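Engineer: A single structure is presented below for examination.
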Amino acid sequence: MSAKVDGLYLPSGLPIPAAEPDGLSAPYWTGLRENRLLVQRCARCRTWQFGPEWICHHCHAFDVEWTEVEPRGRVFSWERVWHPSHAALKKHGPYLAVLVELPQAGGVRMVGNLLGDPMQTVEIGAEVEGIFEHHHDCISPYSLLQWRLC
Amino acid sequence: MARRATERSLRGRVAVVGIGQTDYYRHGASPDPEFKLALKAILAACADAGIDPRDIDGFASYSDDRSEASRLAAALGIHRLRSATMQWGGGGGGCCAAVANAAASIVAGLSDCVVVFRSLAQGQYGRFGQTDGIDTISGEKAYLMPYGVLAPPQRFAMRVRRYMHEHGVRQEALRAIALASYHHAQSNPRAVMHGKPLDAAKYDASRWIVEPFHLYDCCMENDGAAALLLVSEERAKDFRQKPAYVLGAAFGSGHRTGASPHNSPLYASASFDTVAPDLYRMAGVGPTDVGVVQAYENFTGGVAMALSEHGFFRAEEANEFLTLDNLIAPSGRLPLNTSGGNLAECYMHGFELVLEAVRQVRGTSTSQAKRSDVALVIGGPMVTPASNLLLGSEAVL
C-alpha cells in the first residue's frame, strides 16, 4: 500500500470535480473549499434536495436555495474497493467508500471515503462526521468531503 | 372509433422471426471492426429467418450504439428506412426496451421489418471497467469519481450491500447466480467461458473486485454483435423459424429513481418496482407462468434484486430460492441464464439474453428448460430506465 500524500485519502491523479457549464452545482463545490457543506432546500415548501437541480422536485419552485448543514450523518451503505479502475490507483491497495445519510437534511445521501484503516469493520448505521479534504496541487483546486467514525 | 386505453398492448402483435450473432470474443480479440460485427450479426439474423436484408425497414438499439441506423441502411442497401429508434440511457437497461420500441413502431404502422441489435467492441473503444485521465468532470460523476467510485462495480456495490443488509441476503445467494451462468455456458459452444467451469470453491477463492462482488460476480467485457428481426404477427409464419411472439414489454423506473448521486428513494432496488407489474399486466401472465428467465448480470446482486422484484420470491426468501439446483435447466424451479449470460456466454450488453429467450421459445437452447412457452428477459438492473420483455410461443397467445 502506498503512503498517504499530503493527508489525501486517495492518490492524486483521479478525475477533478467541477461545476457544470451552467453552474448548477457551483455553490456546493465553492462551499466545500470554504469548509462549508451546502445542500439545496426549497424556500417555498422546505423540501431538501441533493444532488442539486434547477427546480424543486416537490413543489416545482425554481432556483432552489442552498442551506448550510452540519457535516454529520450515518452510514447508509459501504464498499471496500480492491480492483483499481484507474491508473492513479494501481498498487494503492483497498480503500473504503461510504454512502452517508444526513438525517438533519431530509435524509439526503452523499458518497465519500471512510477515513482510517481500509480494513476496518464498517457497520451500516454508524455515526460519522465530515472532514473537508482540500486539493491544492492541481490545475483546478477543489475540495472533497470525507467521513470518519464519530 | 378510438380504442379504449386498456386495449393498447403489444401482446401477440409482433414476433421475432430471426436471430443472429457473431462469434463472441474477449475484449480486444475481435478480428473485425465494430461496425462490421453489427453487419455480420444482422445478416446472420436475416439468414436465420430466410429474409432478404434489403427488406429491413427499421433499426432499433440502445446505449448510444455507434453503428448508426442510417449508415447501416446505406451499407446494406435497404430499399427505404422507415424507423430508427435509440433508447435513452440506462446502459444494458435498454436491451428489452429496444425490442419494445421496435415492436411499437411495427404495431403503429411506421415500419414492417425491424432489426434490433447491439454491437460492442470494448477492445476497440474502451472498456467499461476502466477509466483514466485526470480531466475535470461534472454532474453525477463529480460526486463519485474523486472518491474512487469510478467504474460500474463500484457504482453498484453499495446498492447491493444495502439490499443484503435490509433482507439478510448472504454471499451464497450471489454465488448461486454465478454458478448457474457458468454451468449453462459449459453446454454452449458460443460461450466465451465454454470449457472453463466454475465451482463454489473457485468462486470463494476468487479475488474481490469490490466487496460484496468477487471476480465471478461481475460480467465480462467482450467484443461482438447480436441482432434479431421483428415482424407483425400477420407475417410471423412466413419465415423459416418458429415465431417467438412478444407477450409484453415495459420500461422505465419508479419515483425519482434517477435522483443522483445515490439518492433514489428506493435505493436497495433493481428499478423494477413499477416496471415488473407493467410487464405482467400487458402480457396477461404472472410469475408462476414463466418457465425460464434470462436476467441481466451486470453483477449477481442485481439479478437477486431483479428476480425478487419480478415476483419469483420475497427478498427475505432469497437465500432459500437462490441455489444452483433451483436455477439450472432443464428442471430447476427457475432455470436462469441458460446460455451463460453476461457472466459466461458473452457480455453483449444483454442482447445475447434476448436471443437466448427466443431459442428457449423455439426449443433450440443448448440448455433447454422443461417449461419454455413463456420466457422472460430482464434488462440491466439498478439503472434507469430499466426494461423487461416476455416472449411466448403461439400456444400461449
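By order of appearance in the C-alpha cells: chains A, B, ..., then residues from 1 within every chain, and ligands from 1 in the order shown.
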Residues of chain B that have any atom at most 7 Å from an atom of chain A: could you tabulate them with the shortest-distance atom pair and the distance in Å to one decimal, using only C-alpha atoms, ordered by chain and increasing number, as a Markdown table?
Structural biologist:
```
| residue | atom | partner | partner_atom | distance |
| --- | --- | --- | --- | --- |
| B:Gly129 | CA | A:Ser85 | CA | 6.4 |
| B:Gln130 | CA | A:Ser85 | CA | 4.8 |
| B:Thr131 | CA | A:His86 | CA | 5.2 |
| B:Asp132 | CA | A:His86 | CA | 5.3 |
| B:Gly133 | CA | A:Pro15 | CA | 6.7 |
| B:Ile134 | CA | A:Pro15 | CA | 4.3 |
| B:Asp135 | CA | A:Pro15 | CA | 5.4 |
| B:Thr136 | CA | A:Ile16 | CA | 4.4 |
| B:Ile137 | CA | A:Pro17 | CA | 5.0 |
| B:Ser138 | CA | A:Glu20 | CA | 5.2 |
| B:Gly139 | CA | A:Glu20 | CA | 6.4 |
| B:Ala142 | CA | A:Pro17 | CA | 4.6 |
| B:Tyr143 | CA | A:Val111 | CA | 6.7 |
| B:Leu144 | CA | A:Val111 | CA | 6.4 |
| B:Met145 | CA | A:Pro15 | CA | 6.3 |
| B:Pro146 | CA | A:Pro15 | CA | 5.7 |
| B:Tyr147 | CA | A:Gly112 | CA | 5.8 |
| B:Leu150 | CA | A:Ser85 | CA | 6.6 |
| B:Ala151 | CA | A:Ser85 | CA | 6.4 |
| B:Ala157 | CA | A:Glu79 | CA | 6.3 |
| B:Met158 | CA | A:Trp78 | CA | 5.3 |
| B:Arg161 | CA | A:Ser77 | CA | 6.4 |
| B:Arg162 | CA | A:Ser77 | CA | 5.5 |
| B:Trp208 | CA | A:Trp82 | CA | 6.1 |
| B:Ile209 | CA | A:His83 | CA | 4.8 |
| B:Val210 | CA | A:Val81 | CA | 4.2 |
| B:Glu211 | CA | A:Arg80 | CA | 5.3 |
| B:Ser260 | CA | A:Gly51 | CA | 5.7 |
| B:Pro261 | CA | A:Gly51 | CA | 6.1 |
| B:His262 | CA | A:Arg109 | CA | 6.8 |
| B:Asn263 | CA | A:Arg109 | CA | 5.8 |
```
Engineer: Set the distance at 7 Å and use only C-alpha atoms: which residues neighbour Gly73 in chain A once local chain neighbours fewer than 3 positions away are removed? I'd like the list as a ChimeraX atom specification.
Structural biologist: /A:100-103,127-129
Engineer: Between B:His27, B:Ile56, B:Ala44, B:Ala176, which residue has the minimum interatomic distance to Tyr125 in chain B, considering only C-alpha atoms?
Structural biologist: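 That would be B:His27, the residue with the smallest distance to Tyr125 in chain B.
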Engineer: Quick one: distance from CA of Ser119 in chain B to CA of Met220 in chain B in Å, one decimal?
Structural biologist: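 Separating CA of Ser119 in chain B from CA of Met220 in chain B is a distance of 15.1 Å.
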Engineer: For CA of Leu390 in chain B and CA of Ala38 in chain B, quote the distance in Å rounded to one decimal.
Structural biologist: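 About the pair CA of Leu390 in chain B and CA of Ala38 in chain B: they are 24.5 Å apart.
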Engineer: If you measure from CA of His79 in chain B to CA of Ala49 in chain B, what distance in Å do you get, rounded to one decimal?
Structural biologist: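 Taking CA of His79 in chain B and CA of Ala49 in chain B, their separation equals 18.4 Å.
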Engineer: Mind checking which residues fall within 8 Å of range 306-312 of chain B, counting only C-alpha atoms, ignoring those fewer than 6 positions away in the same chain, and posting them as a VMD selection string?
Structural biologist: chain B and resid 269 to 273 276 to 277 287 to 288 295 318 378 381
Engineer: Find the residues near Cys219 in chain B: any atom within 10 Å, counting only C-alpha atoms, skip ones fewer than 3 places away on the same chain, and give them as a list in words.
Structural biologist: Gly129, Pro153, Ala178, Leu215, Tyr216, Asn222, Tyr296, Glu297, Asn298, Phe299, Thr300, Gly341, Asn342, Leu343, Ala344, Glu345, Cys346, Tyr347 and His349 of chain B
Engineer: Lys36 in chain B: which residues within 10 Å, counting only C-alpha atoms, same-chain residues fewer than 5 positions away excluded, as a VMD selection string?
Structural biologist: chain B and resid 22 31 41 to 42 67 72 119 224 to 225
Engineer: Write out as a ChimeraX atom specification which residues come within 9 Å of Asn319 in chain B when counting only C-alpha atoms, dropping same-chain ones fewer than 5 positions away.
Structural biologist: /B:168-174
Engineer: So that I have them on file, write out the residues from the current selection with N, CA and C atoms, as a PDB file, in the first residue's frame.
Structural biologist:
```pdb
ATOM      1  N   GLY B 168     -31.107  -9.600   4.781  1.00  0.00           N
ATOM      2  CA  GLY B 168     -30.356 -10.758   5.263  1.00  0.00           C
ATOM      3  C   GLY B 168     -29.881 -11.683   4.154  1.00  0.00           C
ATOM      4  N   VAL B 169     -29.607 -11.120   2.980  1.00  0.00           N
ATOM      5  CA  VAL B 169     -29.168 -11.953   1.852  1.00  0.00           C
ATOM      6  C   VAL B 169     -27.681 -12.278   2.018  1.00  0.00           C
ATOM      7  N   ARG B 170     -27.339 -13.561   1.841  1.00  0.00           N
ATOM      8  CA  ARG B 170     -25.958 -13.999   2.048  1.00  0.00           C
ATOM      9  C   ARG B 170     -25.192 -14.094   0.726  1.00  0.00           C
ATOM     10  N   GLN B 171     -23.878 -14.118   0.853  1.00  0.00           N
ATOM     11  CA  GLN B 171     -22.994 -14.229  -0.313  1.00  0.00           C
ATOM     12  C   GLN B 171     -23.313 -15.474  -1.138  1.00  0.00           C
ATOM     13  N   GLU B 172     -23.755 -16.537  -0.485  1.00  0.00           N
ATOM     14  CA  GLU B 172     -24.043 -17.793  -1.187  1.00  0.00           C
ATOM     15  C   GLU B 172     -25.160 -17.615  -2.222  1.00  0.00           C
ATOM     16  N   ALA B 173     -26.068 -16.683  -1.962  1.00  0.00           N
ATOM     17  CA  ALA B 173     -27.145 -16.432  -2.928  1.00  0.00           C
ATOM     18  C   ALA B 173     -26.568 -15.826  -4.200  1.00  0.00           C
ATOM     19  N   LEU B 174     -25.623 -14.901  -4.040  1.00  0.00           N
ATOM     20  CA  LEU B 174     -24.980 -14.317  -5.215  1.00  0.00           C
ATOM     21  C   LEU B 174     -24.161 -15.389  -5.947  1.00  0.00           C
TER      22      LEU B 174
END
```
Engineer: Between A:Ile55, A:Thr47, A:Tyr142, A:Gln120, which has the minimum distance to Asn35 in chain A (counting only C-alpha atoms)?
Structural biologist: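 Using only C-alpha atoms, Asn35 in chain A sits closest to A:Tyr142.
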Engineer: In range 149-376 of chain B, what's alpha helix (DSSP H) per DSSP? Answer as a PDB file with C-alpha atoms, in the first residue's frame?
Structural biologist:
```pdb
ATOM      1  CA  PRO B 152     -19.726   0.052 -12.686  1.00  0.00           C
ATOM      2  CA  PRO B 153     -18.609  -2.428  -9.964  1.00  0.00           C
ATOM      3  CA  GLN B 154     -18.021   0.430  -7.564  1.00  0.00           C
ATOM      4  CA  ARG B 155     -21.155   2.262  -8.628  1.00  0.00           C
ATOM      5  CA  PHE B 156     -23.407  -0.703  -7.813  1.00  0.00           C
ATOM      6  CA  ALA B 157     -21.742  -2.470  -4.872  1.00  0.00           C
ATOM      7  CA  MET B 158     -23.219  -0.141  -2.244  1.00  0.00           C
ATOM      8  CA  ARG B 159     -26.730  -0.738  -3.597  1.00  0.00           C
ATOM      9  CA  VAL B 160     -26.244  -4.490  -3.298  1.00  0.00           C
ATOM     10  CA  ARG B 161     -24.622  -4.191   0.150  1.00  0.00           C
ATOM     11  CA  ARG B 162     -27.661  -2.248   1.368  1.00  0.00           C
ATOM     12  CA  TYR B 163     -30.007  -4.857  -0.139  1.00  0.00           C
ATOM     13  CA  MET B 164     -28.125  -7.673   1.595  1.00  0.00           C
ATOM     14  CA  HIS B 165     -28.274  -5.715   4.861  1.00  0.00           C
ATOM     15  CA  GLU B 166     -32.009  -4.979   4.643  1.00  0.00           C
ATOM     16  CA  HIS B 167     -33.048  -8.528   3.773  1.00  0.00           C
ATOM     17  CA  GLN B 171     -22.994 -14.229  -0.313  1.00  0.00           C
ATOM     18  CA  GLU B 172     -24.043 -17.793  -1.187  1.00  0.00           C
ATOM     19  CA  ALA B 173     -27.145 -16.432  -2.928  1.00  0.00           C
ATOM     20  CA  LEU B 174     -24.980 -14.317  -5.215  1.00  0.00           C
ATOM     21  CA  ARG B 175     -22.663 -17.269  -5.747  1.00  0.00           C
ATOM     22  CA  ALA B 176     -25.519 -19.496  -6.945  1.00  0.00           C
ATOM     23  CA  ILE B 177     -26.315 -16.985  -9.696  1.00  0.00           C
ATOM     24  CA  ALA B 178     -22.708 -17.043 -10.922  1.00  0.00           C
ATOM     25  CA  LEU B 179     -22.575 -20.838 -10.775  1.00  0.00           C
ATOM     26  CA  ALA B 180     -25.780 -21.154 -12.813  1.00  0.00           C
ATOM     27  CA  SER B 181     -24.424 -18.978 -15.638  1.00  0.00           C
ATOM     28  CA  TYR B 182     -21.150 -20.910 -15.753  1.00  0.00           C
ATOM     29  CA  HIS B 183     -22.989 -24.239 -15.559  1.00  0.00           C
ATOM     30  CA  HIS B 184     -25.059 -23.389 -18.631  1.00  0.00           C
ATOM     31  CA  ALA B 185     -22.073 -21.990 -20.529  1.00  0.00           C
ATOM     32  CA  ALA B 200     -18.118 -22.964  -5.303  1.00  0.00           C
ATOM     33  CA  ALA B 201     -14.531 -23.323  -4.104  1.00  0.00           C
ATOM     34  CA  LYS B 202     -13.152 -21.444  -7.113  1.00  0.00           C
ATOM     35  CA  TYR B 203     -15.723 -18.700  -6.590  1.00  0.00           C
ATOM     36  CA  ASP B 204     -14.895 -18.392  -2.887  1.00  0.00           C
ATOM     37  CA  ALA B 205     -11.164 -18.245  -3.612  1.00  0.00           C
ATOM     38  CA  VAL B 275     -41.758  -1.951 -14.458  1.00  0.00           C
ATOM     39  CA  ALA B 276     -42.410  -5.587 -13.485  1.00  0.00           C
ATOM     40  CA  PRO B 277     -46.139  -5.035 -12.749  1.00  0.00           C
ATOM     41  CA  ASP B 278     -46.465  -3.156 -16.064  1.00  0.00           C
ATOM     42  CA  LEU B 279     -44.973  -6.111 -17.922  1.00  0.00           C
ATOM     43  CA  TYR B 280     -47.170  -8.760 -16.334  1.00  0.00           C
ATOM     44  CA  ARG B 281     -50.259  -6.607 -16.884  1.00  0.00           C
ATOM     45  CA  MET B 282     -49.590  -6.275 -20.605  1.00  0.00           C
ATOM     46  CA  ALA B 283     -48.655  -9.929 -21.042  1.00  0.00           C
ATOM     47  CA  THR B 300     -25.049 -11.043  -9.435  1.00  0.00           C
ATOM     48  CA  GLY B 301     -26.574  -8.908  -6.699  1.00  0.00           C
ATOM     49  CA  GLY B 302     -28.641  -7.056  -9.268  1.00  0.00           C
ATOM     50  CA  VAL B 303     -30.044 -10.371 -10.507  1.00  0.00           C
ATOM     51  CA  ALA B 304     -31.158 -11.287  -6.986  1.00  0.00           C
ATOM     52  CA  MET B 305     -32.978  -7.950  -6.660  1.00  0.00           C
ATOM     53  CA  ALA B 306     -34.498  -8.161 -10.137  1.00  0.00           C
ATOM     54  CA  LEU B 307     -35.843 -11.702  -9.709  1.00  0.00           C
ATOM     55  CA  SER B 308     -37.395 -10.736  -6.397  1.00  0.00           C
ATOM     56  CA  GLU B 309     -38.999  -7.636  -7.916  1.00  0.00           C
ATOM     57  CA  ALA B 318     -33.531 -15.096  -1.450  1.00  0.00           C
ATOM     58  CA  ASN B 319     -31.180 -17.439   0.402  1.00  0.00           C
ATOM     59  CA  GLU B 320     -33.591 -20.357   0.121  1.00  0.00           C
ATOM     60  CA  PHE B 321     -34.568 -19.713  -3.503  1.00  0.00           C
ATOM     61  CA  LEU B 324     -27.742 -23.852  -8.023  1.00  0.00           C
ATOM     62  CA  ASP B 325     -30.254 -26.699  -8.186  1.00  0.00           C
ATOM     63  CA  ASN B 326     -33.144 -24.261  -8.452  1.00  0.00           C
ATOM     64  CA  LEU B 327     -31.512 -22.225 -11.213  1.00  0.00           C
ATOM     65  CA  GLY B 341     -25.461 -14.841 -19.909  1.00  0.00           C
ATOM     66  CA  ASN B 342     -23.277 -11.805 -19.370  1.00  0.00           C
ATOM     67  CA  LEU B 343     -21.093 -13.721 -16.930  1.00  0.00           C
ATOM     68  CA  ALA B 344     -20.132 -16.648 -19.104  1.00  0.00           C
ATOM     69  CA  PHE B 351     -28.711  -8.638 -26.074  1.00  0.00           C
ATOM     70  CA  GLU B 352     -27.389 -12.203 -26.004  1.00  0.00           C
ATOM     71  CA  LEU B 353     -30.036 -12.765 -23.302  1.00  0.00           C
ATOM     72  CA  VAL B 354     -32.838 -11.691 -25.642  1.00  0.00           C
ATOM     73  CA  LEU B 355     -31.601 -14.104 -28.313  1.00  0.00           C
ATOM     74  CA  GLU B 356     -31.472 -16.903 -25.743  1.00  0.00           C
ATOM     75  CA  ALA B 357     -35.084 -16.279 -24.756  1.00  0.00           C
ATOM     76  CA  VAL B 358     -36.018 -16.703 -28.432  1.00  0.00           C
ATOM     77  CA  ARG B 359     -34.123 -20.016 -28.530  1.00  0.00           C
ATOM     78  CA  GLN B 360     -35.989 -21.178 -25.426  1.00  0.00           C
ATOM     79  CA  VAL B 361     -39.348 -20.441 -27.056  1.00  0.00           C
ATOM     80  CA  ARG B 362     -38.182 -22.228 -30.218  1.00  0.00           C
TER      81      ARG B 362
END
```
